[in-house]
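Coordinates from entry_19.txt are shown below (compact mmCIF, all heavy atoms).
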```txt
# COMPACT_ATOMS: atom_id res chain seq x y z
N MET Z 1 -89.81 -142.72 58.96
CA MET Z 1 -88.80 -141.92 58.29
C MET Z 1 -88.08 -142.72 57.22
O MET Z 1 -87.61 -142.13 56.26
CB MET Z 1 -87.79 -141.40 59.29
CG MET Z 1 -88.31 -140.32 60.18
SD MET Z 1 -87.00 -139.46 61.04
CE MET Z 1 -86.25 -138.61 59.69
N GLN Z 2 -87.96 -144.00 57.39
CA GLN Z 2 -87.23 -144.81 56.43
C GLN Z 2 -87.98 -144.94 55.10
O GLN Z 2 -87.40 -145.42 54.13
CB GLN Z 2 -86.94 -146.18 57.01
CG GLN Z 2 -85.90 -146.12 58.11
CD GLN Z 2 -85.64 -147.49 58.68
OE1 GLN Z 2 -86.41 -147.96 59.48
NE2 GLN Z 2 -84.57 -148.11 58.24
N THR Z 3 -89.22 -144.51 55.04
CA THR Z 3 -89.95 -144.54 53.77
C THR Z 3 -89.54 -143.39 52.86
O THR Z 3 -89.87 -143.39 51.69
CB THR Z 3 -91.47 -144.49 54.01
OG1 THR Z 3 -91.79 -143.29 54.71
CG2 THR Z 3 -91.95 -145.68 54.82
N ILE Z 4 -88.81 -142.42 53.39
CA ILE Z 4 -88.32 -141.29 52.60
C ILE Z 4 -87.09 -141.75 51.82
O ILE Z 4 -86.16 -142.30 52.42
CB ILE Z 4 -87.97 -140.09 53.50
CG1 ILE Z 4 -89.18 -139.65 54.30
CG2 ILE Z 4 -87.39 -138.95 52.68
CD1 ILE Z 4 -88.87 -138.65 55.38
N PRO Z 5 -87.06 -141.57 50.50
CA PRO Z 5 -85.90 -141.98 49.71
C PRO Z 5 -84.61 -141.33 50.22
O PRO Z 5 -84.57 -140.13 50.48
CB PRO Z 5 -86.22 -141.49 48.30
CG PRO Z 5 -87.70 -141.37 48.27
CD PRO Z 5 -88.11 -140.98 49.67
N GLY Z 6 -83.58 -142.14 50.40
CA GLY Z 6 -82.28 -141.64 50.84
C GLY Z 6 -82.08 -141.64 52.34
O GLY Z 6 -81.00 -141.30 52.82
N VAL Z 7 -83.10 -142.03 53.11
CA VAL Z 7 -82.97 -142.07 54.57
C VAL Z 7 -82.85 -143.53 55.00
O VAL Z 7 -83.77 -144.31 54.86
CB VAL Z 7 -84.18 -141.41 55.28
CG1 VAL Z 7 -84.04 -141.55 56.79
CG2 VAL Z 7 -84.29 -139.96 54.90
N ALA Z 8 -81.69 -143.90 55.48
CA ALA Z 8 -81.44 -145.26 55.94
C ALA Z 8 -81.72 -145.36 57.44
O ALA Z 8 -82.02 -144.37 58.10
CB ALA Z 8 -79.99 -145.65 55.64
N ALA Z 9 -81.60 -146.55 57.98
CA ALA Z 9 -81.89 -146.79 59.40
C ALA Z 9 -81.01 -145.94 60.31
O ALA Z 9 -81.50 -145.35 61.28
CB ALA Z 9 -81.72 -148.27 59.72
N VAL Z 10 -79.73 -145.87 60.02
CA VAL Z 10 -78.81 -145.11 60.88
C VAL Z 10 -79.18 -143.63 60.89
O VAL Z 10 -79.19 -143.00 61.95
CB VAL Z 10 -77.35 -145.30 60.41
CG1 VAL Z 10 -76.40 -144.41 61.19
CG2 VAL Z 10 -76.94 -146.76 60.53
N SER Z 11 -79.51 -143.07 59.73
CA SER Z 11 -79.91 -141.66 59.67
C SER Z 11 -81.20 -141.42 60.44
O SER Z 11 -81.32 -140.44 61.17
CB SER Z 11 -80.12 -141.23 58.22
OG SER Z 11 -78.94 -141.39 57.48
N ALA Z 12 -82.16 -142.31 60.27
CA ALA Z 12 -83.45 -142.16 60.96
C ALA Z 12 -83.27 -142.24 62.46
O ALA Z 12 -83.82 -141.42 63.21
CB ALA Z 12 -84.42 -143.23 60.48
N TYR Z 13 -82.50 -143.21 62.94
CA TYR Z 13 -82.28 -143.35 64.39
C TYR Z 13 -81.51 -142.16 64.95
O TYR Z 13 -81.79 -141.69 66.05
CB TYR Z 13 -81.55 -144.65 64.70
CG TYR Z 13 -82.39 -145.88 64.45
CD1 TYR Z 13 -81.87 -146.97 63.76
CD2 TYR Z 13 -83.71 -145.96 64.90
CE1 TYR Z 13 -82.65 -148.09 63.52
CE2 TYR Z 13 -84.49 -147.08 64.66
CZ TYR Z 13 -83.95 -148.13 63.98
OH TYR Z 13 -84.72 -149.25 63.74
N GLY Z 14 -80.54 -141.66 64.20
CA GLY Z 14 -79.79 -140.50 64.65
C GLY Z 14 -80.66 -139.26 64.76
O GLY Z 14 -80.57 -138.49 65.72
N PHE Z 15 -81.53 -139.08 63.79
CA PHE Z 15 -82.46 -137.95 63.79
C PHE Z 15 -83.39 -138.03 65.00
O PHE Z 15 -83.59 -137.05 65.72
CB PHE Z 15 -83.25 -137.96 62.48
CG PHE Z 15 -84.18 -136.79 62.31
CD1 PHE Z 15 -83.69 -135.54 62.02
CD2 PHE Z 15 -85.55 -136.96 62.45
CE1 PHE Z 15 -84.55 -134.46 61.87
CE2 PHE Z 15 -86.41 -135.89 62.30
CZ PHE Z 15 -85.91 -134.64 62.00
N LEU Z 16 -83.95 -139.21 65.24
CA LEU Z 16 -84.86 -139.39 66.37
C LEU Z 16 -84.14 -139.24 67.71
O LEU Z 16 -84.69 -138.68 68.66
CB LEU Z 16 -85.54 -140.77 66.29
CG LEU Z 16 -86.49 -140.94 65.11
CD1 LEU Z 16 -86.99 -142.37 65.04
CD2 LEU Z 16 -87.66 -139.97 65.22
N ALA Z 17 -82.90 -139.71 67.80
CA ALA Z 17 -82.13 -139.58 69.04
C ALA Z 17 -81.85 -138.11 69.35
O ALA Z 17 -81.85 -137.69 70.50
CB ALA Z 17 -80.83 -140.36 68.92
N GLU Z 18 -81.60 -137.34 68.32
CA GLU Z 18 -81.30 -135.91 68.50
C GLU Z 18 -82.52 -135.12 68.96
O GLU Z 18 -82.42 -134.25 69.81
CB GLU Z 18 -80.76 -135.33 67.19
CG GLU Z 18 -80.30 -133.91 67.27
CD GLU Z 18 -79.02 -133.74 68.08
OE1 GLU Z 18 -78.20 -134.66 68.11
OE2 GLU Z 18 -78.86 -132.66 68.67
N LEU Z 19 -83.69 -135.43 68.42
CA LEU Z 19 -84.90 -134.65 68.72
C LEU Z 19 -85.66 -135.13 69.94
O LEU Z 19 -86.43 -134.37 70.52
CB LEU Z 19 -85.85 -134.69 67.51
CG LEU Z 19 -85.36 -133.94 66.29
CD1 LEU Z 19 -86.36 -134.10 65.17
CD2 LEU Z 19 -85.14 -132.48 66.59
N GLY Z 20 -85.47 -136.37 70.33
CA GLY Z 20 -86.24 -136.90 71.46
C GLY Z 20 -87.66 -137.20 71.06
O GLY Z 20 -87.91 -137.70 69.97
N THR Z 21 -88.61 -136.86 71.91
CA THR Z 21 -90.01 -137.14 71.61
C THR Z 21 -90.51 -136.24 70.48
O THR Z 21 -90.22 -135.05 70.43
CB THR Z 21 -90.89 -136.96 72.85
OG1 THR Z 21 -92.25 -137.25 72.49
CG2 THR Z 21 -90.83 -135.57 73.42
N LEU Z 22 -91.23 -136.84 69.55
CA LEU Z 22 -91.69 -136.10 68.38
C LEU Z 22 -93.05 -135.45 68.59
O LEU Z 22 -93.51 -134.70 67.75
CB LEU Z 22 -91.74 -137.02 67.16
CG LEU Z 22 -90.40 -137.62 66.75
CD1 LEU Z 22 -90.59 -138.52 65.54
CD2 LEU Z 22 -89.38 -136.55 66.46
N LYS Z 23 -93.69 -135.72 69.71
CA LYS Z 23 -95.02 -135.18 69.96
C LYS Z 23 -95.02 -133.66 70.09
O LYS Z 23 -96.03 -133.01 69.88
CB LYS Z 23 -95.62 -135.80 71.22
CG LYS Z 23 -95.97 -137.25 71.05
CD LYS Z 23 -96.61 -137.80 72.29
CE LYS Z 23 -96.96 -139.26 72.07
NZ LYS Z 23 -97.61 -139.84 73.24
N GLN Z 24 -93.88 -133.09 70.42
CA GLN Z 24 -93.80 -131.64 70.61
C GLN Z 24 -93.65 -130.87 69.29
O GLN Z 24 -93.71 -129.65 69.28
CB GLN Z 24 -92.64 -131.30 71.53
CG GLN Z 24 -91.28 -131.71 71.00
CD GLN Z 24 -90.18 -131.49 72.01
OE1 GLN Z 24 -90.38 -130.84 73.01
NE2 GLN Z 24 -89.01 -132.02 71.75
N TYR Z 25 -93.47 -131.57 68.18
CA TYR Z 25 -93.26 -130.93 66.89
C TYR Z 25 -94.43 -131.19 65.95
O TYR Z 25 -94.97 -132.28 65.90
CB TYR Z 25 -91.99 -131.47 66.21
CG TYR Z 25 -90.74 -131.28 67.02
CD1 TYR Z 25 -90.17 -132.33 67.71
CD2 TYR Z 25 -90.12 -130.04 67.09
CE1 TYR Z 25 -89.02 -132.16 68.45
CE2 TYR Z 25 -88.96 -129.85 67.82
CZ TYR Z 25 -88.41 -130.92 68.50
OH TYR Z 25 -87.28 -130.74 69.23
N SER Z 26 -94.79 -130.20 65.16
CA SER Z 26 -95.79 -130.39 64.10
C SER Z 26 -95.07 -131.03 62.91
O SER Z 26 -93.84 -131.02 62.83
CB SER Z 26 -96.40 -129.06 63.70
OG SER Z 26 -95.42 -128.24 63.07
N SER Z 27 -95.82 -131.57 61.97
CA SER Z 27 -95.20 -132.17 60.79
C SER Z 27 -94.45 -131.12 59.97
O SER Z 27 -93.39 -131.39 59.41
CB SER Z 27 -96.24 -132.88 59.93
OG SER Z 27 -97.23 -131.97 59.52
N ARG Z 28 -94.96 -129.91 59.93
CA ARG Z 28 -94.28 -128.82 59.22
C ARG Z 28 -92.95 -128.51 59.87
O ARG Z 28 -91.93 -128.34 59.20
CB ARG Z 28 -95.18 -127.59 59.20
CG ARG Z 28 -94.54 -126.38 58.55
CD ARG Z 28 -95.55 -125.24 58.40
NE ARG Z 28 -94.96 -123.96 58.14
CZ ARG Z 28 -94.27 -123.61 57.07
NH1 ARG Z 28 -94.05 -124.49 56.13
NH2 ARG Z 28 -93.79 -122.40 56.92
N LYS Z 29 -92.93 -128.42 61.20
CA LYS Z 29 -91.69 -128.11 61.93
C LYS Z 29 -90.65 -129.22 61.73
O LYS Z 29 -89.47 -128.94 61.53
CB LYS Z 29 -92.00 -127.93 63.41
CG LYS Z 29 -90.83 -127.47 64.23
CD LYS Z 29 -90.44 -126.06 63.91
CE LYS Z 29 -89.38 -125.59 64.88
NZ LYS Z 29 -88.91 -124.26 64.55
N LEU Z 30 -91.09 -130.47 61.76
CA LEU Z 30 -90.17 -131.59 61.53
C LEU Z 30 -89.58 -131.53 60.12
O LEU Z 30 -88.40 -131.81 59.93
CB LEU Z 30 -90.87 -132.92 61.74
CG LEU Z 30 -91.03 -133.37 63.18
CD1 LEU Z 30 -91.86 -134.63 63.26
CD2 LEU Z 30 -89.68 -133.57 63.83
N SER Z 31 -90.38 -131.17 59.14
CA SER Z 31 -89.89 -131.06 57.77
C SER Z 31 -88.85 -129.96 57.66
O SER Z 31 -87.85 -130.11 56.96
CB SER Z 31 -91.05 -130.77 56.81
OG SER Z 31 -91.96 -131.82 56.81
N LEU Z 32 -89.08 -128.85 58.33
CA LEU Z 32 -88.12 -127.74 58.31
C LEU Z 32 -86.81 -128.12 59.02
O LEU Z 32 -85.73 -127.83 58.52
CB LEU Z 32 -88.72 -126.50 58.97
CG LEU Z 32 -89.82 -125.79 58.18
CD1 LEU Z 32 -90.50 -124.75 59.05
CD2 LEU Z 32 -89.25 -125.16 56.93
N ILE Z 33 -86.93 -128.76 60.18
CA ILE Z 33 -85.74 -129.15 60.95
C ILE Z 33 -84.89 -130.14 60.17
O ILE Z 33 -83.66 -130.05 60.16
CB ILE Z 33 -86.15 -129.75 62.31
CG1 ILE Z 33 -86.75 -128.68 63.21
CG2 ILE Z 33 -84.97 -130.41 63.00
CD1 ILE Z 33 -87.38 -129.21 64.46
N SER Z 34 -85.53 -131.10 59.53
CA SER Z 34 -84.80 -132.15 58.82
C SER Z 34 -84.22 -131.68 57.49
O SER Z 34 -83.40 -132.36 56.89
CB SER Z 34 -85.71 -133.35 58.58
OG SER Z 34 -86.76 -133.00 57.72
N GLY Z 35 -84.67 -130.53 57.01
CA GLY Z 35 -84.18 -130.01 55.74
C GLY Z 35 -84.93 -130.55 54.54
O GLY Z 35 -84.51 -130.38 53.41
N LEU Z 36 -86.05 -131.22 54.78
CA LEU Z 36 -86.84 -131.77 53.68
C LEU Z 36 -87.70 -130.71 53.01
O LEU Z 36 -88.15 -130.88 51.89
CB LEU Z 36 -87.74 -132.90 54.18
CG LEU Z 36 -87.00 -134.11 54.73
CD1 LEU Z 36 -87.99 -135.09 55.34
CD2 LEU Z 36 -86.20 -134.77 53.63
N MET Z 37 -87.93 -129.60 53.69
CA MET Z 37 -88.75 -128.52 53.14
C MET Z 37 -87.99 -127.21 53.33
O MET Z 37 -87.78 -126.77 54.46
CB MET Z 37 -90.09 -128.47 53.89
CG MET Z 37 -91.09 -127.52 53.28
SD MET Z 37 -92.71 -127.70 54.02
CE MET Z 37 -92.54 -126.70 55.49
N PRO Z 38 -87.53 -126.60 52.25
CA PRO Z 38 -86.78 -125.35 52.40
C PRO Z 38 -87.67 -124.22 52.91
O PRO Z 38 -88.87 -124.19 52.69
CB PRO Z 38 -86.31 -125.05 50.98
CG PRO Z 38 -87.25 -125.77 50.11
CD PRO Z 38 -87.72 -126.98 50.87
N ARG Z 39 -87.07 -123.31 53.63
CA ARG Z 39 -87.78 -122.15 54.17
C ARG Z 39 -87.60 -120.99 53.21
O ARG Z 39 -86.48 -120.65 52.84
CB ARG Z 39 -87.21 -121.82 55.54
CG ARG Z 39 -88.09 -120.85 56.30
CD ARG Z 39 -87.56 -120.68 57.69
NE ARG Z 39 -86.89 -119.38 57.71
CZ ARG Z 39 -86.08 -118.97 58.63
NH1 ARG Z 39 -85.75 -119.76 59.61
NH2 ARG Z 39 -85.54 -117.79 58.58
N ILE Z 40 -88.68 -120.37 52.82
CA ILE Z 40 -88.63 -119.22 51.93
C ILE Z 40 -89.13 -118.00 52.68
O ILE Z 40 -90.23 -117.99 53.22
CB ILE Z 40 -89.48 -119.45 50.66
CG1 ILE Z 40 -88.97 -120.67 49.91
CG2 ILE Z 40 -89.47 -118.21 49.78
CD1 ILE Z 40 -89.84 -121.07 48.76
N VAL Z 41 -88.29 -116.98 52.73
CA VAL Z 41 -88.63 -115.74 53.41
C VAL Z 41 -88.66 -114.64 52.37
O VAL Z 41 -87.70 -114.43 51.64
CB VAL Z 41 -87.58 -115.40 54.50
CG1 VAL Z 41 -87.94 -114.12 55.21
CG2 VAL Z 41 -87.46 -116.54 55.49
N SER Z 42 -89.78 -113.92 52.27
CA SER Z 42 -89.87 -112.85 51.29
C SER Z 42 -90.32 -111.56 51.96
O SER Z 42 -91.08 -111.57 52.92
CB SER Z 42 -90.84 -113.22 50.17
OG SER Z 42 -92.13 -113.39 50.68
N SER Z 43 -89.78 -110.47 51.46
CA SER Z 43 -90.12 -109.16 51.99
C SER Z 43 -90.00 -108.15 50.85
O SER Z 43 -88.92 -107.97 50.29
CB SER Z 43 -89.17 -108.79 53.12
OG SER Z 43 -89.39 -107.47 53.52
N GLY Z 44 -91.09 -107.54 50.49
CA GLY Z 44 -91.04 -106.56 49.41
C GLY Z 44 -90.65 -107.21 48.11
O GLY Z 44 -91.33 -108.10 47.61
N THR Z 45 -89.51 -106.82 47.56
CA THR Z 45 -89.07 -107.34 46.27
C THR Z 45 -88.00 -108.40 46.40
O THR Z 45 -87.61 -109.01 45.41
CB THR Z 45 -88.52 -106.20 45.40
OG1 THR Z 45 -87.44 -105.57 46.08
CG2 THR Z 45 -89.60 -105.18 45.09
N SER Z 46 -87.47 -108.65 47.60
CA SER Z 46 -86.42 -109.66 47.76
C SER Z 46 -87.01 -110.97 48.28
O SER Z 46 -87.93 -110.98 49.08
CB SER Z 46 -85.34 -109.16 48.72
OG SER Z 46 -85.88 -109.00 50.00
N VAL Z 47 -86.45 -112.06 47.78
CA VAL Z 47 -86.84 -113.40 48.21
C VAL Z 47 -85.61 -114.14 48.62
O VAL Z 47 -84.64 -114.23 47.86
CB VAL Z 47 -87.59 -114.16 47.09
CG1 VAL Z 47 -87.92 -115.57 47.54
CG2 VAL Z 47 -88.84 -113.42 46.65
N ASN Z 48 -85.58 -114.69 49.84
CA ASN Z 48 -84.43 -115.43 50.35
C ASN Z 48 -84.81 -116.88 50.56
O ASN Z 48 -85.80 -117.17 51.21
CB ASN Z 48 -83.94 -114.83 51.67
CG ASN Z 48 -83.50 -113.40 51.51
OD1 ASN Z 48 -82.76 -113.08 50.58
ND2 ASN Z 48 -83.95 -112.53 52.38
N HIS Z 49 -84.02 -117.79 50.02
CA HIS Z 49 -84.22 -119.22 50.21
C HIS Z 49 -83.16 -119.71 51.18
O HIS Z 49 -81.99 -119.47 51.01
CB HIS Z 49 -84.07 -119.99 48.89
CG HIS Z 49 -85.05 -119.57 47.86
ND1 HIS Z 49 -86.30 -120.12 47.77
CD2 HIS Z 49 -84.99 -118.63 46.88
CE1 HIS Z 49 -86.95 -119.57 46.77
NE2 HIS Z 49 -86.17 -118.65 46.22
N SER Z 50 -83.61 -120.38 52.22
CA SER Z 50 -82.65 -120.94 53.18
C SER Z 50 -83.13 -122.30 53.63
O SER Z 50 -84.31 -122.61 53.56
CB SER Z 50 -82.47 -120.01 54.38
OG SER Z 50 -83.69 -119.89 55.07
N VAL Z 51 -82.20 -123.10 54.07
CA VAL Z 51 -82.54 -124.46 54.54
C VAL Z 51 -82.48 -124.51 56.02
O VAL Z 51 -81.81 -123.86 56.70
CB VAL Z 51 -81.57 -125.48 53.91
CG1 VAL Z 51 -81.86 -126.87 54.43
CG2 VAL Z 51 -81.68 -125.43 52.42
```

Represent the structure contained in this file as C-alpha cells.
Amino acid sequence: MQTIPGVAAVSAYGFLAELGTLKQYSSRKLSLISGLMPRIVSSGTSVNHSV
C-alpha cells in the first residue's frame, strides 16, 4: 500500500488494522473500500458518482 502516492506508513497500517485479513476481499473491492476507485451508478439517463 505504501507504493501508492500519498499513503504513508501510518495510513497503511491503520487501513490494514481496520480490515483485518485481506484474503476475503478482491482487489476491486479493496479499491472501492479505500476510495481509490470511485463507484459509478447509472440508470436510464441519470448517472450518479459516489465514493

Practice problem: Using DSSP on the backbone coordinates, identify the residues of chain Z assigned to strand (DSSP E or B); present them as a list in words. | Solution: Arg39, Ile40, Val41, Ser42, Ser43, Ser46, Val47, Asn48, His49 and Ser50 of chain Z

Self-check item: Sel. of helix (DSSP H, G or I) residues, chain Z, as an MDAnalysis selection string
Solution: chainID Z and resid 9:19 22:24 27:34

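Here CA of Ala12 (chain Z) and CA of Ile40 (chain Z) stand 25.2 Å from one another.
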
Polymer residues at most 4 Å from region 33-38 of chain Z, all atoms listed in the file, same-chain spacing of 3 or more positions, as a CSV table (one decimal) with all heavy atoms, in the frame of the given file:
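Written output follows (result-v2.csv):
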```csv
chain,number,residue,atom,x,y,z
Z,4,ILE,N,-88.8,-142.4,53.4
Z,4,ILE,CA,-88.3,-141.3,52.6
Z,4,ILE,C,-87.1,-141.8,51.8
Z,4,ILE,O,-86.2,-142.3,52.4
Z,4,ILE,CB,-88.0,-140.1,53.5
Z,4,ILE,CG1,-89.2,-139.6,54.3
Z,4,ILE,CG2,-87.4,-139.0,52.7
Z,4,ILE,CD1,-88.9,-138.6,55.4
Z,15,PHE,N,-81.5,-139.1,63.8
Z,15,PHE,CA,-82.5,-138.0,63.8
Z,15,PHE,C,-83.4,-138.0,65.0
Z,15,PHE,O,-83.6,-137.0,65.7
Z,15,PHE,CB,-83.2,-138.0,62.5
Z,15,PHE,CG,-84.2,-136.8,62.3
Z,15,PHE,CD1,-83.7,-135.5,62.0
Z,15,PHE,CD2,-85.6,-137.0,62.4
Z,15,PHE,CE1,-84.6,-134.5,61.9
Z,15,PHE,CE2,-86.4,-135.9,62.3
Z,15,PHE,CZ,-85.9,-134.6,62.0
Z,25,TYR,N,-93.5,-131.6,68.2
Z,25,TYR,CA,-93.3,-130.9,66.9
Z,25,TYR,C,-94.4,-131.2,66.0
Z,25,TYR,O,-95.0,-132.3,65.9
Z,25,TYR,CB,-92.0,-131.5,66.2
Z,25,TYR,CG,-90.7,-131.3,67.0
Z,25,TYR,CD1,-90.2,-132.3,67.7
Z,25,TYR,CD2,-90.1,-130.0,67.1
Z,25,TYR,CE1,-89.0,-132.2,68.4
Z,25,TYR,CE2,-89.0,-129.8,67.8
Z,25,TYR,CZ,-88.4,-130.9,68.5
Z,25,TYR,OH,-87.3,-130.7,69.2
Z,28,ARG,N,-95.0,-129.9,59.9
Z,28,ARG,CA,-94.3,-128.8,59.2
Z,28,ARG,C,-93.0,-128.5,59.9
Z,28,ARG,O,-91.9,-128.3,59.2
Z,28,ARG,CB,-95.2,-127.6,59.2
Z,28,ARG,CG,-94.5,-126.4,58.6
Z,28,ARG,CD,-95.6,-125.2,58.4
Z,28,ARG,NE,-95.0,-124.0,58.1
Z,28,ARG,CZ,-94.3,-123.6,57.1
Z,28,ARG,NH1,-94.0,-124.5,56.1
Z,28,ARG,NH2,-93.8,-122.4,56.9
Z,29,LYS,N,-92.9,-128.4,61.2
Z,29,LYS,CA,-91.7,-128.1,61.9
Z,29,LYS,C,-90.6,-129.2,61.7
Z,29,LYS,O,-89.5,-128.9,61.5
Z,29,LYS,CB,-92.0,-127.9,63.4
Z,29,LYS,CG,-90.8,-127.5,64.2
Z,29,LYS,CD,-90.4,-126.1,63.9
Z,29,LYS,CE,-89.4,-125.6,64.9
Z,29,LYS,NZ,-88.9,-124.3,64.6
Z,30,LEU,N,-91.1,-130.5,61.8
Z,30,LEU,CA,-90.2,-131.6,61.5
Z,30,LEU,C,-89.6,-131.5,60.1
Z,30,LEU,O,-88.4,-131.8,59.9
Z,30,LEU,CB,-90.9,-132.9,61.7
Z,30,LEU,CG,-91.0,-133.4,63.2
Z,30,LEU,CD1,-91.9,-134.6,63.3
Z,30,LEU,CD2,-89.7,-133.6,63.8
Z,50,SER,N,-83.6,-120.4,52.2
Z,50,SER,CA,-82.6,-120.9,53.2
Z,50,SER,C,-83.1,-122.3,53.6
Z,50,SER,O,-84.3,-122.6,53.6
Z,50,SER,CB,-82.5,-120.0,54.4
Z,50,SER,OG,-83.7,-119.9,55.1
```

Practice problem: Please measure the separation of atom N of Gly6 (chain Z) and CE of Lys23 (chain Z), giving the value in Å to one decimal. | Solution: 25.6 Å

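Between CA of Gln24 (chain Z) and CA of Val7 (chain Z) there is a distance of 22.0 Å.
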